[in-house]
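J.: Take this structure first; my questions come after.
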Amino acid sequence: MKSKRVTKFDFSVKNVTAAALQETRVHREDGLYPITFRITYNRIQKRYKSGIKLTVKEWDNIEKSNNKDLKNKRSEIQTGIATLKAIIEDITHDKPFGFQLFNRKLSMGKTDKLIEAFEWKVRDLTTAGRIGTAEYYNTSLKRIKKFSPPGVMFADVTPDWLQRFEAWMFKDGKSYTTIGMNMRAIRAIINEYGEGITYPFGEGLYKIPEGSGRKKALSIDQIGKIIAAPLLTETEKRCRDLWFFSYLANGININDMLRLRYSDIIGDEISWNRKKTFRSKRNKNKTIAVYLPEMKNIVTRWGNPDRKPDQYIFPYLYTDVTPIDEKRIVKNVTSLINKKMILLGNRLGIGPVTTYTARHSFATVLKRSGANIAYISEALSHSDIKTTQSYLDSFESGERKRNAQQLTKF
């Protein structure tokens, strides 16, 4: 018997089409033929079993029959179709459709293996073009593979296992900032994939260590020294100016700065969406900075001479750049700026200065000048003013200690 190609319950979502159909290619003595769900994308078709078998006549009447048994079967098929549609809509909301990701989501993304879950996460993020976040999880994955056998299960991730992993990383020379990042990655994976396990994080269990690295914000006088410093090469001048632009533009990170376009400049303001938090924030308002004369001068010196609205302000990225190439370019530019600024900071007796310093100096200088915390929070695009308060406090602790030391200098 030839396959009956009449489909039912069809739907389409962003170039992905789906439908239910009856497979009659192989003759069956009992006259019952399986109903499958067909997904089509880029001319590739995949079929998924529904677990339902019907006669040809039942299939012909499935949409309108009042027969109780057939109505129940119709309801099961409609539920299956609704599930497929929900998964496809979830995938295509912010990333391209892919059958590998679809298959995993269809199976509820369940796994009891830690490393497998990490590998899924890295693939999903890479497919979505979130290369930086994928690298973050991949770094943790590599360390877990070195520490633990490949078959480590979620159930093996106990407070004791985490404590031993922490000790192993510390012995391997990792800072507590790095250890904390790896542990937060494990916690995120467990929260997403580790269903039905005994949760190992929390009070009285395993507590993720906080980094105690030096956090330094520059004073306005120190920033003045940086801007007035004599520089020897064009590369030093360009790196110093890009760092200064970042500081003036609300401490914008280099990723966002290189993605700025001339259309983002409107009058005496410049605005952008923070790539780091745009996906997770419900409020999609742009970050807005005053487009100061100093910033205009930097753009005049180092900006892209093609000033079309859709052109990048700084000539590093290009149209149709892939996520992987974008990540590589941003990383290289950031590394070069940091290298030159560390040398400059040390030469001036200030100490290491990085792109990280620019953002915190922007916030701290405003605070010291009496700016409202709410304004600083908005300028930094923090979703919660408590985040800003904690953020500023951590960078002022060093100044408080230095001031306290003055009390005993008799």
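Order determines the names: the first chain of the structure tokens is A, the second B, and so forth; residues in each chain are numbered 1 upward, and ligands are numbered 1 upward as they are shown.
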Please identify all polymer residues within 8 Å of range 166-170 of chain A, counting only C-alpha atoms, omitting same-chain residues fewer than 6 positions from it, and present them as a PyMOL selection string.
T.: chain A and resi 147+176+179
J.: Run DSSP on the backbone of this structure and report the residues of range 11-205 of chain A it assigns to strand (DSSP E), as an mmCIF file with C-alpha atoms, in the first residue's frame.
T.:
data_model
loop_
_atom_site.group_PDB
_atom_site.id
_atom_site.type_symbol
_atom_site.label_atom_id
_atom_site.label_comp_id
_atom_site.auth_asym_id
_atom_site.auth_seq_id
_atom_site.Cartn_x
_atom_site.Cartn_y
_atom_site.Cartn_z
ATOM 1 C CA PHE A 11 1.326 24.448 11.730
ATOM 2 C CA SER A 12 4.332 26.599 10.814
ATOM 3 C CA VAL A 13 6.731 28.585 13.018
ATOM 4 C CA VAL A 16 9.692 25.211 10.553
ATOM 5 C CA THR A 17 6.603 23.256 9.503
ATOM 6 C CA ALA A 18 4.998 20.363 11.313
ATOM 7 C CA ALA A 19 2.026 18.073 10.847
ATOM 8 C CA ALA A 20 0.590 14.711 11.830
ATOM 9 C CA LEU A 21 0.278 12.007 9.188
ATOM 10 C CA GLN A 22 -0.533 8.322 8.859
ATOM 11 C CA TYR A 33 -1.206 2.222 10.760
ATOM 12 C CA PRO A 34 1.001 4.410 12.986
ATOM 13 C CA ILE A 35 0.471 8.152 13.270
ATOM 14 C CA THR A 36 3.697 10.156 13.206
ATOM 15 C CA PHE A 37 4.624 13.800 13.579
ATOM 16 C CA ARG A 38 6.656 15.201 10.704
ATOM 17 C CA ILE A 39 8.960 18.199 11.239
ATOM 18 C CA THR A 40 10.412 19.946 8.179
ATOM 19 C CA TYR A 41 13.196 22.548 8.201
ATOM 20 C CA ILE A 44 15.084 18.228 5.842
ATOM 21 C CA GLN A 45 12.327 16.060 7.309
ATOM 22 C CA LYS A 46 12.313 14.146 10.561
ATOM 23 C CA ARG A 47 9.515 11.944 11.853
ATOM 24 C CA TYR A 48 8.592 11.257 15.465
ATOM 25 C CA LYS A 49 6.390 8.480 16.782
ATOM 26 C CA SER A 50 3.131 9.366 18.495
ATOM 27 C CA GLY A 51 2.425 5.878 19.840
ATOM 28 C CA ILE A 52 -1.016 5.950 18.203
ATOM 29 C CA LYS A 53 -2.270 3.556 15.513
ATOM 30 C CA LEU A 54 -5.478 4.003 13.531
#
J.: Going by DSSP on the backbone, which residues of range 129-363 of chain A come out as helix (DSSP H, G or I)? List them as a VMD selection string.
T.: chain A and resid 131 to 147 154 to 156 159 to 171 176 to 193 220 to 228 234 to 248 254 to 258 262 to 264 275 to 278 293 to 302 323 to 347 355 to 363
J.: Which residue gives the smallest distance to Thr79 in chain A among A:Tyr199, A:Tyr193, A:Phe9, A:Phe154, with only C-alpha atoms counted?
T.: A:Phe9
J.: Would you kindly return, as a list in words, each protein, DNA or RNA residue with an atom no farther than 9 Å from any atom of Met295 in chain A, considering only C-alpha atoms and excluding same-chain residues fewer than 6 positions away?
T.: Asp241, Phe244, Phe245, Leu248 and Ala249 of chain A
J.: Save the residues we just selected, C-alpha atoms, as a CSV table (one decimal), in the first residue's frame?
T.:
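Now in part-v4.csv:
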chain,number,residue,atom,x,y,z
A,241,ASP,CA,41.9,56.9,24.1
A,244,PHE,CA,39.2,56.9,28.2
A,245,PHE,CA,36.1,56.6,25.9
A,248,LEU,CA,33.4,58.4,29.8
A,249,ALA,CA,30.7,56.2,28.3
J.: From the set A:Ile190, A:Ala134, A:Ile81, A:Ile313, which residue has the shortest atom-to-atom contact distance to Met153 in chain A, counting only C-alpha atoms?
T.: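 Result for the nearest residue to Met153 in chain A: A:Ile190.
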J.: Show me, as a list in words, the residues that have an atom within 9 Å of Ser65 in chain A when counting only C-alpha atoms, minus same-chain residues fewer than 6 positions from it.
T.: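 Returned residues: Glu58, Lys71 and Arg74 of chain A.
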J.: Go ahead and dump the residues you just picked, N, CA and C atoms, as an mmCIF file, in the first residue's frame.
T.:
data_model
loop_
_atom_site.group_PDB
_atom_site.id
_atom_site.type_symbol
_atom_site.label_atom_id
_atom_site.label_comp_id
_atom_site.auth_asym_id
_atom_site.auth_seq_id
_atom_site.Cartn_x
_atom_site.Cartn_y
_atom_site.Cartn_z
ATOM 1 N N GLU A 58 -10.458 5.590 10.263
ATOM 2 C CA GLU A 58 -10.405 6.379 11.495
ATOM 3 C C GLU A 58 -9.580 7.655 11.291
ATOM 4 N N LYS A 71 -12.200 10.388 19.767
ATOM 5 C CA LYS A 71 -12.028 11.736 20.331
ATOM 6 C C LYS A 71 -10.838 11.779 21.281
ATOM 7 N N ARG A 74 -7.786 11.776 19.164
ATOM 8 C CA ARG A 74 -7.626 13.123 18.582
ATOM 9 C C ARG A 74 -7.008 14.074 19.607
#
J.: Counting only C-alpha atoms, which of A:Thr235, A:Asn138, A:Thr111, A:Asn332 gets nearest to Trp302 in chain A?
T.: A:Thr235
J.: Give the answer as one residue: which of A:Gln311, A:Thr233, A:Ser381, A:Asn285 has the shortest atom-to-atom distance to Lys340 in chain A, using only C-alpha atoms?
T.: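 Of all the options, A:Thr233 lies closest to Lys340 in chain A.
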J.: Have a look at CA of Leu242 in chain A and CA of Ala374 in chain A and let me know their distance in Å, one decimal.
T.: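 Going from CA of Leu242 in chain A over to CA of Ala374 in chain A, I get 26.7 Å.
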J.: For range 117-130 of chain A, work out the shell of residues within 8 Å, counting only C-alpha atoms and skipping chain neighbours fewer than 2 positions away, then give it as a short mmCIF file (atom, residue, chain, number, x, y, z; two decimals) with C-alpha atoms, in the first residue's frame.
T.:
data_model
loop_
_atom_site.label_atom_id
_atom_site.label_comp_id
_atom_site.auth_asym_id
_atom_site.auth_seq_id
_atom_site.Cartn_x
_atom_site.Cartn_y
_atom_site.Cartn_z
CA ASP A 94 16.21 33.73 20.12
CA LYS A 95 18.21 31.21 18.09
CA PRO A 96 18.12 29.26 14.81
CA LEU A 101 18.50 20.87 20.07
CA THR A 111 20.38 13.41 31.79
CA LYS A 113 25.48 12.81 33.79
CA LEU A 114 27.19 16.06 34.72
CA ILE A 115 29.62 16.16 31.81
CA GLY A 132 31.63 34.10 25.45
CA THR A 133 29.16 32.28 27.70
CA ALA A 134 29.89 29.01 25.88
CA GLU A 135 33.60 29.49 26.63
CA TYR A 137 30.97 26.77 30.59
CA ASN A 138 33.54 24.99 28.44
CA LEU A 141 33.85 21.48 31.73
CA ILE A 189 23.92 23.26 35.24
CA TYR A 193 19.32 19.73 34.26
CA PRO A 323 29.77 35.29 16.54
CA ILE A 324 33.07 33.38 16.79
#
J.: Any idea what the distance is between CA of Gly204 in chain A and CA of Val157 in chain A?
T.: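 CA of Gly204 in chain A sits 15.4 Å away from CA of Val157 in chain A.
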J.: For His360 in chain A, which residue among A:Ala379, A:Ala289, A:Ala155, A:Ala229 is the nearest when counting only C-alpha atoms?
T.: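 Of A:Ala379, A:Ala289, A:Ala155, A:Ala229, the one nearest His360 in chain A, counting only C-alpha atoms, is A:Ala379.
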